[in-house]
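Text of data20.txt, listed as compact mmCIF, C-alpha atoms:
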# COMPACT_ATOMS: atom_id res chain seq x y z
CA MET A 233 4.89 14.90 30.70
CA ASN A 234 6.02 12.05 32.98
CA ASN A 235 2.45 11.26 33.99
CA ILE A 236 1.06 10.53 30.52
CA ASP A 237 -1.67 7.92 30.74
CA PHE A 238 -0.59 5.58 27.94
CA HIS A 239 -3.32 3.12 28.88
CA GLY A 240 -5.91 5.85 28.32
CA ILE A 241 -4.37 6.71 24.96
CA GLU A 242 -4.54 3.06 23.93
CA GLU A 243 -8.22 2.93 24.88
CA ILE A 244 -8.95 6.05 22.85
CA TRP A 245 -7.11 4.63 19.86
CA SER A 246 -8.91 1.29 20.17
CA SER A 247 -12.19 3.16 20.00
CA LEU A 248 -11.15 5.40 17.11
CA SER A 249 -9.55 2.62 15.04
CA THR A 250 -12.90 0.88 14.60
CA SER A 251 -14.59 4.06 13.43
CA SER A 252 -15.58 4.19 9.76
CA LEU A 253 -15.08 7.95 9.72
CA LEU A 254 -11.45 7.64 10.84
CA TRP A 255 -10.32 5.46 7.93
CA LEU A 256 -12.35 7.44 5.43
CA THR A 257 -10.57 10.58 6.66
CA VAL A 258 -7.18 8.83 6.59
CA THR A 259 -7.73 7.73 2.97
CA LEU A 260 -8.72 11.21 1.82
CA ALA A 261 -5.88 12.83 3.76
CA ALA A 262 -3.35 10.38 2.29
CA TYR A 263 -4.49 11.20 -1.25
CA LEU A 264 -4.42 14.97 -0.63
CA PHE A 265 -0.91 14.60 0.78
CA ALA A 266 0.11 12.56 -2.28
CA GLN A 267 -1.34 15.17 -4.63
CA LYS A 268 0.59 17.96 -2.87
CA LEU A 269 3.78 15.91 -3.05
CA TYR A 270 3.17 15.16 -6.74
CA LYS A 271 2.69 18.87 -7.52
CA TRP A 272 5.73 19.83 -5.42
CA SER A 273 7.85 17.34 -7.40
CA ASN A 274 6.80 19.04 -10.66
CA TRP A 275 4.65 16.03 -11.63
CA ASN A 276 7.42 13.44 -11.26
CA SER A 277 5.93 10.13 -12.44
CA LEU A 278 7.76 8.25 -9.68
CA LEU A 279 5.58 10.10 -7.15
CA ASN A 280 2.27 9.11 -8.70
CA PRO A 281 -0.40 10.19 -6.18
CA VAL A 282 -2.24 6.87 -6.32
CA ALA A 283 0.94 4.92 -5.60
CA VAL A 284 2.03 7.28 -2.82
CA SER A 285 -1.39 7.26 -1.14
CA ILE A 286 -1.55 3.45 -1.29
CA VAL A 287 1.89 3.12 0.31
CA THR A 288 0.98 5.70 2.96
CA VAL A 289 -2.24 3.92 3.95
CA VAL A 290 -0.56 0.49 3.95
CA ILE A 291 2.19 1.76 6.26
CA LEU A 292 -0.41 3.19 8.63
CA LEU A 293 -2.40 -0.05 8.65
CA MET A 294 0.71 -2.11 9.34
CA ALA A 295 1.98 0.27 12.03
CA THR A 296 -1.37 0.22 13.86
CA HIS A 297 -2.05 -3.50 13.24
CA THR A 298 -5.41 -2.60 11.73
CA PRO A 299 -7.20 -5.42 9.84
CA TYR A 300 -8.20 -4.72 6.26
CA GLN A 301 -11.85 -5.39 7.09
CA THR A 302 -11.77 -2.58 9.65
CA TYR A 303 -10.17 -0.21 7.17
CA PHE A 304 -12.61 -1.10 4.39
CA SER A 305 -15.59 -0.38 6.63
CA GLY A 306 -14.66 3.27 6.17
CA ALA A 307 -13.08 3.17 2.71
CA GLN A 308 -16.15 1.46 1.24
CA PHE A 309 -17.76 4.89 0.83
CA ILE A 310 -15.03 5.79 -1.66
CA HIS A 311 -15.30 2.34 -3.23
CA PHE A 312 -19.00 2.99 -3.84
CA LEU A 313 -18.12 6.04 -5.94
CA LEU A 314 -16.23 3.88 -8.47
CA GLY A 315 -19.53 3.05 -10.17
CA PRO A 316 -20.73 6.63 -10.73
CA THR A 317 -17.18 7.66 -11.67
CA THR A 318 -17.02 4.98 -14.36
CA VAL A 319 -20.36 6.08 -15.78
CA ALA A 320 -19.18 9.71 -15.77
CA LEU A 321 -16.33 8.72 -18.11
CA ALA A 322 -18.95 8.61 -20.88
CA VAL A 323 -19.12 12.43 -20.88
CA PRO A 324 -15.70 13.07 -22.52
CA LEU A 325 -16.41 10.17 -24.91
CA TYR A 326 -19.59 11.86 -26.08
CA ASP A 327 -17.80 15.17 -26.59
CA LEU A 328 -15.28 13.48 -28.92
CA ARG A 329 -17.68 11.02 -30.59
CA ILE A 330 -17.01 12.33 -34.11
CA GLN A 331 -13.24 12.10 -33.75
CA LEU A 332 -13.50 8.63 -32.23
CA ALA A 333 -15.69 7.44 -35.09
CA LYS A 334 -13.11 8.60 -37.65
CA ASN A 335 -10.33 6.69 -35.89
CA TRP A 336 -12.17 3.38 -35.46
CA LEU A 337 -9.61 1.29 -37.41
CA PRO A 338 -6.44 2.29 -35.48
CA ILE A 339 -8.44 2.04 -32.26
CA LEU A 340 -9.49 -1.55 -32.99
CA LEU A 341 -6.02 -2.57 -34.19
CA GLY A 342 -4.37 -1.04 -31.14
CA LEU A 343 -6.94 -2.62 -28.86
CA PHE A 344 -6.45 -6.11 -30.26
CA ALA A 345 -2.65 -5.83 -30.30
CA GLY A 346 -2.53 -4.50 -26.75
CA ALA A 347 -4.95 -7.04 -25.26
CA VAL A 348 -3.26 -10.02 -26.93
CA THR A 349 0.21 -8.80 -25.95
CA ALA A 350 -0.85 -8.21 -22.32
CA ILE A 351 -2.25 -11.73 -21.94
CA THR A 352 0.41 -13.59 -23.95
CA SER A 353 3.46 -11.90 -22.46
CA THR A 354 2.14 -12.31 -18.92
CA VAL A 355 1.37 -16.03 -19.27
CA LEU A 356 4.66 -16.81 -21.04
CA ILE A 357 6.85 -14.88 -18.59
CA ALA A 358 5.08 -16.33 -15.55
CA GLY A 359 5.31 -19.83 -17.01
CA LEU A 360 9.02 -19.50 -17.75
CA LEU A 361 9.62 -18.33 -14.18
CA GLY A 362 7.91 -21.42 -12.82
CA ALA A 363 4.67 -19.90 -11.54
CA SER A 364 1.84 -22.23 -10.53
CA PRO A 365 -1.22 -22.62 -12.79
CA GLU A 366 -3.38 -20.67 -10.31
CA THR A 367 -0.90 -17.79 -10.28
CA ILE A 368 -0.63 -17.69 -14.07
CA ILE A 369 -4.41 -17.60 -14.44
CA SER A 370 -4.60 -14.82 -11.85
CA LEU A 371 -1.96 -12.84 -13.72
CA ALA A 372 -3.54 -13.10 -17.18
CA PRO A 373 -6.25 -10.40 -16.78
CA LYS A 374 -4.07 -7.94 -14.84
CA SER A 375 -4.52 -5.07 -17.32
CA VAL A 376 -8.30 -4.68 -16.93
CA THR A 377 -10.40 -3.21 -14.15
CA THR A 378 -10.64 -5.10 -10.85
CA PRO A 379 -14.21 -6.51 -11.15
CA ILE A 380 -13.56 -7.92 -14.63
CA ALA A 381 -10.14 -9.31 -13.67
CA MET A 382 -11.54 -11.03 -10.58
CA SER A 383 -14.41 -12.52 -12.56
CA ILE A 384 -12.10 -13.87 -15.29
CA ALA A 385 -9.70 -15.35 -12.74
CA GLU A 386 -12.52 -17.02 -10.82
CA LYS A 387 -14.06 -18.55 -13.95
CA LEU A 388 -10.69 -19.96 -15.09
CA GLY A 389 -9.76 -21.36 -11.69
CA GLY A 390 -7.43 -18.63 -10.49
CA LEU A 391 -7.31 -16.57 -7.31
CA PRO A 392 -9.56 -13.49 -7.51
CA ALA A 393 -7.89 -11.79 -4.53
CA LEU A 394 -4.47 -12.16 -6.18
CA SER A 395 -5.86 -10.78 -9.44
CA ALA A 396 -7.21 -7.73 -7.61
CA SER A 397 -3.80 -7.04 -6.08
CA LEU A 398 -2.06 -7.46 -9.43
CA VAL A 399 -4.52 -5.10 -11.12
CA VAL A 400 -3.64 -2.38 -8.60
CA LEU A 401 0.08 -3.03 -9.06
CA THR A 402 -0.29 -2.91 -12.85
CA GLY A 403 -2.16 0.39 -12.67
CA VAL A 404 0.45 1.96 -10.40
CA LEU A 405 3.43 0.80 -12.48
CA GLY A 406 1.71 1.73 -15.74
CA SER A 407 0.98 5.26 -14.50
CA ILE A 408 4.56 5.67 -13.28
CA CYS A 409 6.29 4.28 -16.38
CA ALA A 410 4.07 5.94 -18.99
CA GLY A 411 5.69 9.38 -18.92
CA PRO A 412 9.31 8.20 -19.41
CA LEU A 413 8.22 5.70 -22.09
CA PHE A 414 6.33 8.35 -24.06
CA LEU A 415 9.44 10.53 -24.00
CA LEU A 416 11.71 7.65 -24.99
CA LEU A 417 9.45 6.60 -27.88
CA LYS A 418 8.70 10.22 -28.82
CA VAL A 419 4.92 9.77 -28.58
CA ASP A 420 3.34 13.23 -28.90
CA SER A 421 -0.28 12.39 -29.74
CA SER A 422 -2.69 12.91 -26.86
CA SER A 423 -5.04 10.28 -28.25
CA ALA A 424 -2.26 7.69 -28.47
CA LYS A 425 -1.07 8.46 -24.95
CA GLY A 426 -4.57 8.26 -23.51
CA PHE A 427 -5.50 5.04 -25.27
CA ALA A 428 -2.24 3.37 -24.26
CA LEU A 429 -2.72 4.40 -20.63
CA GLY A 430 -6.32 3.19 -20.48
CA LEU A 431 -5.48 -0.06 -22.23
CA SER A 432 -2.48 -0.99 -20.11
CA ALA A 433 -3.21 0.65 -16.75
CA HIS A 434 -7.06 0.77 -16.65
CA GLY A 435 -8.56 3.35 -14.22
CA MET A 436 -5.27 4.61 -12.79
CA GLY A 437 -3.91 5.06 -16.30
CA THR A 438 -7.00 6.97 -17.34
CA SER A 439 -6.64 9.22 -14.31
CA ARG A 440 -3.10 9.93 -15.48
CA ALA A 441 -4.40 10.53 -19.02
CA PHE A 442 -6.80 13.23 -17.80
CA GLN A 443 -3.78 15.02 -16.33
CA ILE A 444 -2.42 15.26 -19.89
CA ASP A 445 -5.58 16.76 -21.41
CA ALA A 446 -9.26 16.05 -22.09
CA THR A 447 -8.56 14.23 -25.36
CA ALA A 448 -6.16 11.81 -23.70
CA GLY A 449 -8.69 11.24 -20.93
CA ALA A 450 -11.47 10.49 -23.42
CA TYR A 451 -9.35 7.93 -25.25
CA GLY A 452 -8.30 6.41 -21.93
CA SER A 453 -11.97 6.09 -20.94
CA LEU A 454 -12.71 4.34 -24.21
CA ALA A 455 -9.78 1.97 -23.76
CA ILE A 456 -10.95 0.86 -20.29
CA GLY A 457 -14.27 -0.45 -21.52
CA LEU A 458 -13.02 -1.97 -24.77
CA THR A 459 -10.04 -3.65 -23.12
CA GLY A 460 -12.24 -5.16 -20.43
CA LEU A 461 -14.63 -6.57 -23.04
CA THR A 462 -11.83 -7.87 -25.29
CA THR A 463 -9.89 -9.44 -22.43
CA ALA A 464 -13.03 -11.14 -21.11
CA ILE A 465 -13.34 -12.84 -24.52
CA LEU A 466 -9.67 -13.55 -25.26
CA ALA A 467 -8.33 -14.55 -21.83
CA PRO A 468 -10.42 -17.76 -21.54
CA LEU A 469 -9.30 -18.70 -25.06
CA LEU A 470 -5.60 -17.81 -24.98
CA THR A 471 -4.65 -18.64 -21.39
CA PRO A 472 -5.41 -22.41 -21.51
CA LEU A 473 -3.67 -22.72 -24.89
CA LEU A 474 -0.52 -20.94 -23.72
CA MET A 475 -0.43 -22.87 -20.44
CA LYS A 476 -0.14 -26.13 -22.39
CA LEU A 477 3.46 -25.08 -23.11
CA PHE A 478 4.29 -25.49 -19.41
CA PHE A 479 1.81 -27.99 -17.94
Go ahead and render the structure in this file as structure tokens.
Amino acid sequence: MNNIDFHGIEEIWSSLSTSSLLWLTVTLAAYLFAQKLYKWSNWNSLLNPVAVSIVTVVILLMATHTPYQTYFSGAQFIHFLLGPTTVALAVPLYDLRIQLAKNWLPILLGLFAGAVTAITSTVLIAGLLGASPETIISLAPKSVTTPIAMSIAEKLGGLPALSASLVVLTGVLGSICAGPLFLLLKVDSSSAKGFALGLSAHGMGTSRAFQIDATAGAYGSLAIGLTGLTTAILAPLLTPLLMKLFF
């Protein structure tokens, strides 16, 4: 025990830490651990598996001083699956196409109200707290998926990287807070829960919606696409107008 070759261990770690397979394995292991913890806690929303796995990986990266670029060289394989996963969300939508068609009016009203509220409240709160114009613009599209949010922020003069981080934070907080809020507001409808989760917390919210049931997941899937489209139209119109109140 006293003759441990720490220099050899450091060399082994230096070699492993640059391996794509290592960080892919770490990411999958972190999520499996988070899922087990979530189940053990009896589905406690504070232990959302996405949030727990993110924190776990971040702690490991910081503890090992691993650059994000090195980590992403392995995690990019999971990132690639986001595209096929998004397309696959069309399956539950097709199964409930008749029900969705009947509810087109409340869907559109909820969509418009949610998208406008998300943009307006974010810009006004950030402006009142003294945020810079770049930060406010980056905050405005926080409730849509990462690619759309980054594109909107870039076109308006914001910081795409900051938008991406805020999108993740929004998804995590939305998934965590949804359960208690539904109980507080006595929301029992699966469709209402799913649509609210997809609208406010994009992909992470939809993942949480599928844990409720298939109907909630289908409405969450619908909300992701519609919210992204609506925000892409409204954000460039509303954000500059609201920012005139502060600048």
Rows by chain and residue number, stretch 358-475 of chain A within 9 Å of stretch 321-340 of chain A, shortest pair, all atoms listed in the file, as a Markdown table:
| residue | atom | partner | partner_atom | distance |
| --- | --- | --- | --- | --- |
| A:Phe427 | CA | A:Ile339 | CA | 8.2 |
| A:Ala446 | CA | A:Pro324 | CA | 7.1 |
| A:Thr447 | CA | A:Leu328 | CA | 7.6 |
| A:Gly449 | CA | A:Pro324 | CA | 7.4 |
| A:Ala450 | CA | A:Pro324 | CA | 5.0 |
| A:Tyr451 | CA | A:Leu325 | CA | 7.4 |
| A:Ser453 | CA | A:Leu321 | CA | 5.8 |
| A:Leu454 | CA | A:Leu325 | CA | 6.9 |
| A:Ala455 | CA | A:Ile339 | CA | 8.6 |
| A:Leu458 | CA | A:Leu340 | CA | 9.0 |
Output of the above residues as a PDB file, keeping the file's coordinate frame, restricted to C-alpha atoms:
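Generated output (again18.pdb):
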ATOM      1  CA  PHE A 427      -5.500   5.040 -25.270  1.00  0.00           C
ATOM      2  CA  ALA A 446      -9.260  16.050 -22.090  1.00  0.00           C
ATOM      3  CA  THR A 447      -8.560  14.230 -25.360  1.00  0.00           C
ATOM      4  CA  GLY A 449      -8.690  11.240 -20.930  1.00  0.00           C
ATOM      5  CA  ALA A 450     -11.470  10.490 -23.420  1.00  0.00           C
ATOM      6  CA  TYR A 451      -9.350   7.930 -25.250  1.00  0.00           C
ATOM      7  CA  SER A 453     -11.970   6.090 -20.940  1.00  0.00           C
ATOM      8  CA  LEU A 454     -12.710   4.340 -24.210  1.00  0.00           C
ATOM      9  CA  ALA A 455      -9.780   1.970 -23.760  1.00  0.00           C
ATOM     10  CA  LEU A 458     -13.020  -1.970 -24.770  1.00  0.00           C
TER      11      LEU A 458
END
Margin query: Is it possible to get the residues within 12 Å of (-4.1, 3.9, 6.0) (coordinates as in the file, counting all atoms listed in the file) written as a PyMOL selection string?
Written below: chain A and resi 249+254-263+284-300+302-304+306-307
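For the point (-5.5, -22.0, -22.3) in file coordinates, the residues within 12 Å, using only C-alpha atoms, are Ile351, Thr352, Val355, Leu356, Pro365, Ile368, Ile369, Ala372, Leu388, Gly389, Leu466, Ala467, Pro468, Leu469, Leu470, Thr471, Pro472, Leu473, Leu474, Met475, Lys476, Leu477, Phe478 and Phe479 of chain A.
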Check: What's the 12 Å shell around A:Val400, counting all atoms listed in the file, without same-chain residues fewer than 6 positions away, as a count of residues only?
Finding: 24
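Between atom CA of A:Leu405 and atom CA of A:Ile357 lies a distance of 17.2 Å.
The two atoms in question, atom CA of A:Ile444 and atom CA of A:Val419, are spaced 12.6 Å apart.
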Notebook entry, point to check: To one decimal place, how far is atom CA of A:Phe265 from atom CA of A:Leu413 in Å?
Noted result: 26.2 Å
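Of the residues under consideration (A:Leu343, A:Ala464, A:Leu279, A:Leu391), A:Leu279 shows the shortest atom-to-atom contact distance to A:Cys409 when counting only C-alpha atoms.
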The centre and edge lengths of an axis-aligned box containing all atoms of stretch 273-284 of chain A present in the file, extended by 3 Å on each side, are to be given in Å to one decimal, as JSON.
{"center_x": 2.8, "center_y": 12.0, "center_z": -7.6, "size_x": 16.1, "size_y": 20.1, "size_z": 15.6}
Note to self: Considering only C-alpha atoms, can you say which of A:Ala428, A:Ala396, A:Gly411, A:Gly457 comes closest to A:Leu278?
What the structure shows: A:Gly411
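Compared by their closest atoms to A:Thr402, and using all atoms listed in the file, the residues A:Asn276, A:Phe442, A:Phe414, A:Ala350 rank with A:Ala350 nearest.
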